[in-house]
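Q: Please see the structure below; I have some questions.
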Amino acid sequence: MSHSKQTKRGYSIYIDKWNRSAKKYINTCAICGHRGYSPVIEQEKFVTTLEGKVIYNELSKILQKLELDDLGRCAECARVQDK
């Protein structure tokens, strides 16, 4: 069986098996549970190292950018709650 048949959408072997510390760069909304990568990994200082480049490539392939406010809410949930 090929490798692609064993992997699910939004799953990365690198993140889940080889470098579990990269999970700290995954943001999850406290209200709706939407997942995305932290904007921190797009900064120039982060991608200067080889590990930073690999983390950025893997997370940007499987997730979209997700910014959270101080309460841990995504922009959509913050807009709805602040009405």
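If you're wondering about the labels, chains in the structure tokens are A, B, ... by order shown, residues count from 1 in each chain, ligands from 1 in order shown.
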Got a sec to tell me which of region 14-65 of chain A DSSP assigns to strand (DSSP E or B), as a list of chain:residue names?
A: A:Ile26, A:Asn27, A:Thr28, A:Arg35, A:Gly36, A:Tyr37, A:Lys65
Q: For region 64-71 of chain A, find every residue with an atom within 12 Å (counting only C-alpha atoms), except residues of its own chain fewer than 2 positions away, and show them as a PyMOL selection string.
A: chain A and resi 10+25-42+56-62+73-79+81
Q: Between CA of Lys24 (chain A) and CA of Val80 (chain A), what is the distance, to one decimal in Å?
A: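 Result for CA of Lys24 (chain A) versus CA of Val80 (chain A): 26.6 Å, one decimal.
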Q: Quick one, how far is CA of Ala22 (chain A) from CA of Lys53 (chain A)?
A: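 Between these atoms lies a distance of 11.5 Å.
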